[in-house]
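A.B. asks: Below you'll find input_2.csv; it's CSV, N, CA and C atoms.
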```csv
chain,number,residue,atom,x,y,z
A,20,MET,N,-14.9,0.8,35.7
A,20,MET,CA,-15.4,1.8,34.7
A,20,MET,C,-16.1,2.9,35.5
A,21,GLU,N,-15.8,4.1,35.1
A,21,GLU,CA,-16.4,5.2,35.7
A,21,GLU,C,-17.8,5.4,35.2
A,22,THR,N,-18.7,6.0,36.0
A,22,THR,CA,-20.0,6.3,35.6
A,22,THR,C,-20.0,7.5,34.6
A,23,PRO,N,-20.7,7.3,33.5
A,23,PRO,CA,-20.6,8.4,32.5
A,23,PRO,C,-21.2,9.7,33.0
A,24,ARG,N,-20.7,10.8,32.5
A,24,ARG,CA,-21.1,12.1,33.0
A,24,ARG,C,-22.4,12.5,32.3
A,25,ILE,N,-22.8,11.7,31.2
A,25,ILE,CA,-24.0,12.0,30.5
A,25,ILE,C,-24.9,10.8,30.5
A,26,SER,N,-26.2,11.0,30.3
A,26,SER,CA,-27.1,9.8,30.3
A,26,SER,C,-27.6,9.5,29.0
A,27,ILE,N,-28.3,8.4,28.8
A,27,ILE,CA,-29.0,8.0,27.6
A,27,ILE,C,-30.0,9.1,27.2
A,28,ILE,N,-30.7,9.7,28.2
A,28,ILE,CA,-31.7,10.7,27.9
A,28,ILE,C,-31.0,12.0,27.4
A,29,ASP,N,-29.8,12.3,27.9
A,29,ASP,CA,-29.1,13.5,27.4
A,29,ASP,C,-28.8,13.3,25.9
A,30,VAL,N,-28.3,12.1,25.6
A,30,VAL,CA,-28.0,11.8,24.2
A,30,VAL,C,-29.2,11.8,23.3
A,31,GLU,N,-30.3,11.1,23.7
A,31,GLU,CA,-31.5,11.1,23.0
A,31,GLU,C,-32.1,12.5,22.7
A,32,ASN,N,-32.1,13.3,23.8
A,32,ASN,CA,-32.7,14.7,23.7
A,32,ASN,C,-31.9,15.5,22.7
A,33,THR,N,-30.5,15.4,22.8
A,33,THR,CA,-29.7,16.2,21.9
A,33,THR,C,-29.9,15.8,20.5
A,34,ALA,N,-29.9,14.5,20.3
A,34,ALA,CA,-30.2,14.0,18.9
A,34,ALA,C,-31.5,14.5,18.4
A,35,LYS,N,-32.5,14.4,19.2
A,35,LYS,CA,-33.9,14.9,18.8
A,35,LYS,C,-33.8,16.4,18.4
A,36,GLU,N,-33.1,17.2,19.2
A,36,GLU,CA,-33.0,18.6,19.0
A,36,GLU,C,-32.4,18.9,17.6
A,37,ILE,N,-31.4,18.1,17.2
A,37,ILE,CA,-30.8,18.3,15.9
A,37,ILE,C,-31.4,17.5,14.8
A,38,GLY,N,-32.5,16.8,15.1
A,38,GLY,CA,-33.3,16.1,14.0
A,38,GLY,C,-32.7,14.8,13.6
A,39,LEU,N,-32.1,14.1,14.6
A,39,LEU,CA,-31.5,12.8,14.3
A,39,LEU,C,-32.0,11.8,15.2
A,40,GLN,N,-32.1,10.5,14.8
A,40,GLN,CA,-32.5,9.4,15.6
A,40,GLN,C,-31.4,8.4,15.6
A,41,LEU,N,-31.0,8.0,16.8
A,41,LEU,CA,-29.9,7.0,17.0
A,41,LEU,C,-30.4,5.7,17.4
A,42,THR,N,-29.7,4.6,17.1
A,42,THR,CA,-30.0,3.3,17.6
A,42,THR,C,-29.4,3.2,19.0
A,43,LYS,N,-29.8,2.1,19.7
A,43,LYS,CA,-29.3,1.9,21.0
A,43,LYS,C,-27.7,1.8,21.0
A,44,ALA,N,-27.2,1.1,20.0
A,44,ALA,CA,-25.8,0.9,19.9
A,44,ALA,C,-25.1,2.2,19.6
A,45,GLU,N,-25.7,3.1,18.8
A,45,GLU,CA,-25.1,4.4,18.5
A,45,GLU,C,-25.1,5.3,19.8
A,46,ILE,N,-26.2,5.2,20.6
A,46,ILE,CA,-26.2,5.9,21.8
A,46,ILE,C,-25.1,5.5,22.7
A,47,GLU,N,-24.9,4.2,22.8
A,47,GLU,CA,-23.8,3.7,23.6
A,47,GLU,C,-22.5,4.2,23.2
A,48,LYS,N,-22.3,4.2,21.8
A,48,LYS,CA,-21.0,4.8,21.3
A,48,LYS,C,-20.8,6.2,21.7
A,49,VAL,N,-21.9,7.0,21.6
A,49,VAL,CA,-21.8,8.4,22.0
A,49,VAL,C,-21.4,8.5,23.5
A,50,ILE,N,-22.0,7.8,24.3
A,50,ILE,CA,-21.7,7.8,25.8
A,50,ILE,C,-20.2,7.4,26.0
A,51,GLU,N,-19.8,6.3,25.3
A,51,GLU,CA,-18.4,5.8,25.5
A,51,GLU,C,-17.4,6.8,25.0
A,52,ARG,N,-17.7,7.6,23.9
A,52,ARG,CA,-16.7,8.5,23.4
A,52,ARG,C,-16.8,9.9,24.0
A,53,TYR,N,-17.8,10.1,24.8
A,53,TYR,CA,-18.0,11.5,25.3
A,53,TYR,C,-16.8,12.0,26.2
A,54,ARG,N,-16.4,11.1,27.0
A,54,ARG,CA,-15.3,11.6,27.9
A,54,ARG,C,-14.0,12.0,27.1
A,55,ALA,N,-13.6,11.2,26.1
A,55,ALA,CA,-12.5,11.6,25.3
A,55,ALA,C,-12.7,12.9,24.6
A,56,ALA,N,-13.9,13.1,24.1
A,56,ALA,CA,-14.3,14.3,23.4
A,56,ALA,C,-14.2,15.5,24.3
A,57,GLU,N,-14.7,15.3,25.5
A,57,GLU,CA,-14.7,16.3,26.6
A,57,GLU,C,-13.3,16.7,26.9
A,58,GLU,N,-12.4,15.7,27.0
A,58,GLU,CA,-11.0,16.0,27.4
A,58,GLU,C,-10.3,16.8,26.3
A,59,GLN,N,-10.7,16.6,25.0
A,59,GLN,CA,-10.2,17.4,23.9
A,59,GLN,C,-10.7,18.8,23.9
A,60,ASP,N,-11.8,19.1,24.5
A,60,ASP,CA,-12.4,20.4,24.6
A,60,ASP,C,-13.0,20.6,26.0
A,61,PRO,N,-12.1,20.8,27.0
A,61,PRO,CA,-12.6,20.9,28.3
A,61,PRO,C,-13.4,22.1,28.6
A,62,SER,N,-13.3,23.1,27.8
A,62,SER,CA,-14.1,24.3,28.1
A,62,SER,C,-15.4,24.3,27.3
A,63,GLY,N,-15.7,23.2,26.5
A,63,GLY,CA,-16.9,23.1,25.7
A,63,GLY,C,-18.1,22.8,26.5
A,64,GLU,N,-19.3,23.3,26.0
A,64,GLU,CA,-20.5,22.9,26.7
A,64,GLU,C,-20.9,21.5,26.4
A,65,TRP,N,-21.4,20.8,27.4
A,65,TRP,CA,-21.6,19.4,27.3
A,65,TRP,C,-22.5,19.0,26.2
A,66,TYR,N,-23.6,19.8,25.9
A,66,TYR,CA,-24.5,19.4,24.9
A,66,TYR,C,-23.9,19.6,23.5
A,67,LEU,N,-23.0,20.6,23.3
A,67,LEU,CA,-22.3,20.7,22.1
A,67,LEU,C,-21.3,19.6,21.8
A,68,ILE,N,-20.7,19.1,22.9
A,68,ILE,CA,-19.8,17.9,22.8
A,68,ILE,C,-20.6,16.7,22.4
A,69,ILE,N,-21.7,16.5,23.0
A,69,ILE,CA,-22.6,15.4,22.6
A,69,ILE,C,-23.0,15.5,21.2
A,70,GLU,N,-23.4,16.7,20.7
A,70,GLU,CA,-23.7,16.9,19.3
A,70,GLU,C,-22.6,16.5,18.4
A,71,GLN,N,-21.4,17.0,18.7
A,71,GLN,CA,-20.2,16.6,17.9
A,71,GLN,C,-20.0,15.1,17.8
A,72,VAL,N,-20.1,14.4,18.9
A,72,VAL,CA,-19.9,13.0,18.9
A,72,VAL,C,-21.1,12.3,18.2
A,73,ILE,N,-22.3,12.8,18.3
A,73,ILE,CA,-23.4,12.2,17.5
A,73,ILE,C,-23.1,12.3,16.0
A,74,HIS,N,-22.6,13.5,15.6
A,74,HIS,CA,-22.3,13.7,14.2
A,74,HIS,C,-21.2,12.7,13.7
A,75,GLU,N,-20.2,12.4,14.6
A,75,GLU,CA,-19.2,11.5,14.2
A,75,GLU,C,-19.8,10.1,14.1
A,76,VAL,N,-20.6,9.7,15.0
A,76,VAL,CA,-21.2,8.4,14.9
A,76,VAL,C,-22.1,8.2,13.7
A,77,ILE,N,-22.9,9.3,13.4
A,77,ILE,CA,-23.8,9.2,12.2
A,77,ILE,C,-22.9,9.2,11.0
A,78,GLY,N,-21.8,9.9,11.0
A,78,GLY,CA,-20.9,9.8,9.8
A,78,GLY,C,-20.4,8.4,9.6
A,79,GLU,N,-20.1,7.7,10.7
A,79,GLU,CA,-19.6,6.3,10.5
A,79,GLU,C,-20.7,5.4,10.0
A,80,ARG,N,-21.9,5.7,10.4
A,80,ARG,CA,-23.1,4.9,9.9
A,80,ARG,C,-23.2,5.1,8.4
A,81,GLU,N,-23.1,6.4,7.9
A,81,GLU,CA,-23.2,6.6,6.5
A,81,GLU,C,-22.0,6.1,5.7
A,82,THR,N,-20.8,6.1,6.3
A,82,THR,CA,-19.7,5.5,5.6
A,82,THR,C,-19.9,4.0,5.5
A,83,ASN,N,-20.4,3.4,6.5
A,83,ASN,CA,-20.6,1.9,6.5
A,83,ASN,C,-21.6,1.5,5.4
A,84,ILE,N,-22.6,2.4,5.3
A,84,ILE,CA,-23.7,2.1,4.3
A,84,ILE,C,-23.1,2.2,2.9
A,85,VAL,N,-22.3,3.2,2.7
A,85,VAL,CA,-21.6,3.3,1.3
A,85,VAL,C,-20.7,2.2,1.1
A,86,MET,N,-19.9,1.8,2.1
A,86,MET,CA,-19.0,0.7,1.9
A,86,MET,C,-19.7,-0.6,1.7
A,87,GLU,N,-20.8,-0.8,2.3
A,87,GLU,CA,-21.6,-2.1,2.1
A,87,GLU,C,-22.2,-2.2,0.8
A,88,THR,N,-22.5,-1.0,0.1
A,88,THR,CA,-23.2,-1.1,-1.2
A,88,THR,C,-22.2,-1.3,-2.3
A,89,LYS,N,-20.9,-1.1,-2.1
A,89,LYS,CA,-19.9,-1.3,-3.2
A,89,LYS,C,-19.2,-2.6,-2.9
A,90,LYS,N,-19.0,-3.4,-4.0
A,90,LYS,CA,-18.3,-4.6,-4.0
A,90,LYS,C,-17.0,-4.4,-4.8
A,91,LYS,N,-15.9,-4.8,-4.2
A,91,LYS,CA,-14.6,-4.6,-4.8
A,91,LYS,C,-13.9,-5.9,-5.1
A,92,TYR,N,-13.4,-6.1,-6.3
A,92,TYR,CA,-12.8,-7.3,-6.8
A,92,TYR,C,-11.5,-7.1,-7.5
A,93,VAL,N,-10.6,-8.1,-7.3
A,93,VAL,CA,-9.4,-8.2,-8.2
A,93,VAL,C,-9.8,-9.2,-9.3
A,94,GLU,N,-9.7,-8.7,-10.5
A,94,GLU,CA,-10.1,-9.5,-11.6
A,94,GLU,C,-8.9,-10.0,-12.5
A,95,ILE,N,-9.0,-11.2,-12.9
A,95,ILE,CA,-8.0,-11.7,-13.9
A,95,ILE,C,-8.8,-11.7,-15.2
A,96,VAL,N,-8.3,-11.0,-16.2
A,96,VAL,CA,-9.0,-10.8,-17.5
A,96,VAL,C,-8.2,-11.4,-18.6
A,97,ARG,N,-8.9,-12.2,-19.4
A,97,ARG,CA,-8.3,-12.7,-20.7
A,97,ARG,C,-8.3,-11.6,-21.7
A,98,ASP,N,-7.1,-11.3,-22.2
A,98,ASP,CA,-7.0,-10.1,-23.1
A,98,ASP,C,-7.9,-10.3,-24.4
A,99,LYS,N,-7.8,-11.6,-24.9
A,99,LYS,CA,-8.6,-11.9,-26.1
A,99,LYS,C,-10.1,-11.9,-25.7
A,100,GLY,N,-10.9,-11.0,-26.1
A,100,GLY,CA,-12.3,-10.9,-25.7
A,100,GLY,C,-12.6,-10.1,-24.5
A,101,ASN,N,-11.6,-9.7,-23.8
A,101,ASN,CA,-11.7,-8.9,-22.5
A,101,ASN,C,-12.7,-9.6,-21.6
A,102,ILE,N,-12.5,-10.9,-21.3
A,102,ILE,CA,-13.4,-11.7,-20.5
A,102,ILE,C,-12.7,-12.0,-19.1
A,103,VAL,N,-13.5,-11.7,-18.1
A,103,VAL,CA,-13.0,-12.0,-16.7
A,103,VAL,C,-13.1,-13.5,-16.5
A,104,VAL,N,-11.9,-14.1,-16.2
A,104,VAL,CA,-11.9,-15.5,-16.0
A,104,VAL,C,-11.9,-15.8,-14.5
A,105,LYS,N,-11.6,-14.8,-13.6
A,105,LYS,CA,-11.7,-15.1,-12.2
A,105,LYS,C,-11.8,-13.7,-11.5
A,106,ARG,N,-12.7,-13.7,-10.5
A,106,ARG,CA,-12.8,-12.5,-9.6
A,106,ARG,C,-12.6,-12.9,-8.2
A,107,ILE,N,-11.8,-12.1,-7.5
A,107,ILE,CA,-11.5,-12.4,-6.1
A,107,ILE,C,-12.1,-11.2,-5.3
A,108,ASP,N,-13.0,-11.5,-4.4
A,108,ASP,CA,-13.7,-10.5,-3.6
A,108,ASP,C,-12.7,-9.9,-2.6
A,109,VAL,N,-12.5,-8.6,-2.7
A,109,VAL,CA,-11.6,-7.9,-1.8
A,109,VAL,C,-12.4,-6.7,-1.1
A,110,THR,N,-13.7,-6.9,-1.1
A,110,THR,CA,-14.6,-5.9,-0.5
A,110,THR,C,-14.2,-5.7,1.0
A,111,GLY,N,-14.0,-4.5,1.4
A,111,GLY,CA,-13.6,-4.2,2.8
A,111,GLY,C,-12.1,-4.1,3.0
A,112,TYR,N,-11.3,-4.5,2.0
A,112,TYR,CA,-9.9,-4.4,2.1
A,112,TYR,C,-9.5,-2.9,1.8
A,113,SER,N,-8.4,-2.5,2.4
A,113,SER,CA,-7.9,-1.2,2.0
A,113,SER,C,-7.4,-1.2,0.6
A,114,ASP,N,-7.2,-0.1,0.0
A,114,ASP,CA,-6.7,-0.1,-1.4
A,114,ASP,C,-5.3,-0.7,-1.5
A,115,LYS,N,-4.5,-0.5,-0.5
A,115,LYS,CA,-3.1,-1.0,-0.4
A,115,LYS,C,-3.2,-2.6,-0.3
A,116,ARG,N,-4.1,-3.1,0.5
A,116,ARG,CA,-4.2,-4.5,0.7
A,116,ARG,C,-4.7,-5.2,-0.6
A,117,ALA,N,-5.7,-4.5,-1.3
A,117,ALA,CA,-6.2,-5.0,-2.5
A,117,ALA,C,-5.1,-5.0,-3.6
A,118,GLU,N,-4.3,-4.0,-3.6
A,118,GLU,CA,-3.2,-4.0,-4.6
A,118,GLU,C,-2.2,-5.1,-4.3
A,119,LYS,N,-2.0,-5.5,-3.0
A,119,LYS,CA,-1.1,-6.6,-2.7
A,119,LYS,C,-1.7,-7.9,-3.2
A,120,VAL,N,-3.0,-8.1,-3.1
A,120,VAL,CA,-3.7,-9.3,-3.6
A,120,VAL,C,-3.5,-9.3,-5.2
A,121,GLU,N,-3.7,-8.2,-5.8
A,121,GLU,CA,-3.5,-8.1,-7.3
A,121,GLU,C,-2.0,-8.4,-7.7
A,122,THR,N,-1.1,-7.9,-6.9
A,122,THR,CA,0.3,-8.2,-7.2
A,122,THR,C,0.6,-9.7,-7.0
A,123,GLY,N,0.1,-10.3,-5.9
A,123,GLY,CA,0.2,-11.7,-5.7
A,123,GLY,C,-0.3,-12.6,-6.8
A,124,VAL,N,-1.5,-12.2,-7.3
A,124,VAL,CA,-2.1,-12.9,-8.4
A,124,VAL,C,-1.3,-12.9,-9.6
A,125,GLY,N,-0.6,-11.8,-9.8
A,125,GLY,CA,0.2,-11.6,-11.0
A,125,GLY,C,1.5,-12.3,-11.0
A,126,ILE,N,2.0,-12.8,-9.9
A,126,ILE,CA,3.3,-13.4,-9.8
A,126,ILE,C,3.5,-14.6,-10.8
A,127,ASN,N,2.5,-15.5,-10.9
A,127,ASN,CA,2.6,-16.6,-11.8
A,127,ASN,C,1.7,-16.5,-13.0
A,128,LEU,N,1.2,-15.3,-13.3
A,128,LEU,CA,0.2,-15.1,-14.4
A,128,LEU,C,0.9,-15.1,-15.7
A,129,ASN,N,0.2,-15.7,-16.7
A,129,ASN,CA,0.7,-15.6,-18.1
A,129,ASN,C,0.4,-14.2,-18.6
A,130,HIS,N,1.3,-13.3,-18.5
A,130,HIS,CA,1.1,-11.9,-18.9
A,130,HIS,C,1.0,-11.6,-20.4
A,131,ASN,N,1.2,-12.7,-21.2
A,131,ASN,CA,1.0,-12.5,-22.6
A,131,ASN,C,-0.5,-12.6,-23.0
A,132,ASP,N,-1.2,-13.3,-22.2
A,132,ASP,CA,-2.6,-13.6,-22.5
A,132,ASP,C,-3.6,-13.0,-21.4
A,133,PHE,N,-3.1,-12.6,-20.3
A,133,PHE,CA,-4.0,-12.1,-19.2
A,133,PHE,C,-3.5,-10.9,-18.5
A,134,THR,N,-4.4,-10.1,-18.0
A,134,THR,CA,-4.0,-8.9,-17.2
A,134,THR,C,-4.9,-8.9,-15.9
A,135,THR,N,-4.5,-8.1,-15.0
A,135,THR,CA,-5.3,-8.0,-13.7
A,135,THR,C,-5.7,-6.6,-13.6
A,136,ARG,N,-6.8,-6.4,-12.8
A,136,ARG,CA,-7.3,-5.1,-12.5
A,136,ARG,C,-8.1,-5.1,-11.2
A,137,ILE,N,-8.3,-4.0,-10.6
A,137,ILE,CA,-9.2,-3.9,-9.4
A,137,ILE,C,-10.4,-3.1,-9.9
A,138,GLU,N,-11.6,-3.6,-9.7
A,138,GLU,CA,-12.8,-3.0,-10.1
A,138,GLU,C,-13.8,-2.9,-9.0
A,139,GLU,N,-14.7,-1.9,-8.9
A,139,GLU,CA,-15.8,-1.8,-8.0
A,139,GLU,C,-17.1,-1.9,-8.7
A,140,TYR,N,-18.1,-2.5,-8.1
A,140,TYR,CA,-19.4,-2.7,-8.7
A,140,TYR,C,-20.4,-2.4,-7.6
A,141,ASP,N,-21.6,-2.0,-8.1
A,141,ASP,CA,-22.7,-1.7,-7.2
A,141,ASP,C,-23.4,-3.0,-6.7
A,142,LYS,N,-23.1,-4.1,-7.2
A,142,LYS,CA,-23.7,-5.4,-6.9
A,142,LYS,C,-22.7,-6.5,-6.8
A,143,GLU,N,-23.1,-7.6,-6.3
A,143,GLU,CA,-22.2,-8.8,-6.2
A,143,GLU,C,-22.1,-9.3,-7.6
A,144,MET,N,-20.9,-9.7,-8.0
A,144,MET,CA,-20.6,-10.2,-9.4
A,144,MET,C,-20.3,-11.7,-9.3
A,145,PRO,N,-20.5,-12.4,-10.4
A,145,PRO,CA,-20.2,-13.8,-10.4
A,145,PRO,C,-18.6,-14.0,-10.3
A,146,LYS,N,-18.2,-15.2,-10.0
A,146,LYS,CA,-16.8,-15.5,-9.9
A,146,LYS,C,-16.0,-15.4,-11.2
A,147,SER,N,-16.7,-15.5,-12.3
A,147,SER,CA,-16.1,-15.3,-13.6
A,147,SER,C,-17.2,-14.9,-14.6
A,148,ASP,N,-16.8,-14.5,-15.8
A,148,ASP,CA,-17.8,-14.2,-16.9
A,148,ASP,C,-17.8,-15.3,-17.9
A,149,GLU,N,-17.0,-16.3,-17.7
A,149,GLU,CA,-16.9,-17.4,-18.7
A,149,GLU,C,-18.2,-18.3,-18.5
A,150,LEU,N,-18.6,-18.9,-19.6
A,150,LEU,CA,-19.8,-19.7,-19.6
A,150,LEU,C,-19.5,-21.1,-19.0
```
Just give me the structure as structure tokens.
C.D. replies:
Amino acid sequence: METPRISIIDVENTAKEIGLQLTKAEIEKVIERYRAAEEQDPSGEWYLIIEQVIHEVIGERETNIVMETKKKYVEIVRDKGNIVVKRIDVTGYSDKRAEKVETGVGINLNHNDFTTRIEEYDKEMPKSDEL
């Protein structure tokens, strides 16, 4: 592995200048990604490249926070009374993968009495709403 062209202090100082604070892991990500970012913009100033990578890493942090706060479920719902009889946690699954789970659940489902849906909630939900 080559020695990085930037140091931890370079990253910390750049982050401080733009009013951001990074964790040690985020600083390491910036250093790891710096070379690739520099290759994409070889004429760019090093501190602007660091700033760009910092914003990418901070954006990932914010995306992860949003993803962690939402819980996604495939629900089997009894049509009579609109009661959820089963919830399958698909948090972290892509929409396509969650849809595949929903399709799989529906294969042997009694469609006269039950339907399926994909729902998101701000909190963890019980496995069913039945008593």
A.B. asks: Which polymer residues, protein or nucleic acid, are no farther than 7 Å from (-25.7, 17.3, 31.7), counting only N, CA and C atoms, as a list in words?
C.D. replies: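 Residues lying no farther than 7 Å from the given point: Arg24, Ile25, Ser26, Asp29, Trp65 and Tyr66 of chain A.
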A.B. asks: Could you write out the selected residues, including N, CA and C atoms, as a compact mmCIF listing (two decimals), in the coordinates of the input?
C.D. replies:
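Contents of the output file again-v9.txt:
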```
# COMPACT_ATOMS: atom_id res chain seq x y z
N ARG A 24 -20.70 10.80 32.50
CA ARG A 24 -21.10 12.10 33.00
C ARG A 24 -22.40 12.50 32.30
N ILE A 25 -22.80 11.70 31.20
CA ILE A 25 -24.00 12.00 30.50
C ILE A 25 -24.90 10.80 30.50
N SER A 26 -26.20 11.00 30.30
CA SER A 26 -27.10 9.80 30.30
C SER A 26 -27.60 9.50 29.00
N ASP A 29 -29.80 12.30 27.90
CA ASP A 29 -29.10 13.50 27.40
C ASP A 29 -28.80 13.30 25.90
N TRP A 65 -21.40 20.80 27.40
CA TRP A 65 -21.60 19.40 27.30
C TRP A 65 -22.50 19.00 26.20
N TYR A 66 -23.60 19.80 25.90
CA TYR A 66 -24.50 19.40 24.90
C TYR A 66 -23.90 19.60 23.50
```
A.B. asks: What gap, in Å, lies between CA of Asn131 (chain A) and CA of Asn101 (chain A)?
C.D. replies: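 According to the coordinates, CA of Asn131 (chain A) and CA of Asn101 (chain A) are separated by 13.2 Å.
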A.B. asks: Leaving out Leu67 (chain A) and any residue of its chain fewer than 5 positions from it, which residues lie within 12 Å of it when counting only C-alpha atoms, given as a list of chain:residue names?
C.D. replies: A:Asp29, A:Val30, A:Thr33, A:Ala34, A:Glu36, A:Ile37, A:Tyr53, A:Ala56, A:Glu57, A:Asp60, A:Pro61, A:Ser62, A:Val72, A:Ile73, A:His74
A.B. asks: From the DSSP assignment of the backbone, select every residue of chain A that is strand (DSSP E or B), and format the answer as a PyMOL selection string.
C.D. replies: chain A and resi 90-97+102-108+133-140
A.B. asks: A:Arg52, A:Lys105, A:His130, A:Lys43: which is nearest Ile68 (chain A), counting all atoms listed in the file?
C.D. replies: A:Arg52
A.B. asks: Considering only C-alpha atoms, can you say which of A:Asp132, A:Asp108, A:Glu51, A:Glu58 comes closest to Tyr92 (chain A)?
C.D. replies: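 Ranked by minimum distance to Tyr92 (chain A), first place goes to A:Asp108.
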A.B. asks: Step one, run DSSP on the backbone; step two, keep only residues of region 32-150 of chain A assigned to helix (DSSP H, G or I); then write them as a PyMOL selection string.
C.D. replies: chain A and resi 32-36+43-59+65-88+114-125
A.B. asks: Find the spatial neighbours of region 146-150 of chain A, counting only N, CA and C atoms, within a cut-off of 8 Å - ignore same-chain residues fewer than 5 positions away - and output them as an MDAnalysis selection string.
C.D. replies: chainID A and resid 102:108
A.B. asks: Which one of A:Glu121, A:Glu75, A:Arg97, A:Lys91 sits closest to Asp141 (chain A) if you count only C-alpha atoms?
C.D. replies: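 Counting only C-alpha atoms, the residue closest to Asp141 (chain A) is A:Lys91.
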A.B. asks: Which residue, A:Val124, A:Lys90, A:Glu79, A:Asn129, has the smallest gap to Gly111 (chain A) when you use all atoms listed in the file?
C.D. replies: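 Nearest to Gly111 (chain A): A:Lys90.
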A.B. asks: Please indicate the distance in Å from CA of Ile46 (chain A) to CA of Gly78 (chain A), rounded to one decimal place.
C.D. replies: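 Pair CA of Ile46 (chain A) / CA of Gly78 (chain A) returns 13.7 Å.
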A.B. asks: For atom N of Gly63 (chain A) and atom C of Val76 (chain A), quote the distance in Å rounded to one decimal.
C.D. replies: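 Between these atoms lies a distance of 20.7 Å.
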A.B. asks: Go through A:Lys142, A:Lys119, A:Arg136, A:Arg54 one by one, measure the shortest atom-to-atom distance of each to Val96 (chain A) using all atoms listed in the file, and give the residue with the smallest value.
C.D. replies: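 Of A:Lys142, A:Lys119, A:Arg136, A:Arg54, the one nearest Val96 (chain A) is A:Arg136, counting all atoms listed in the file.
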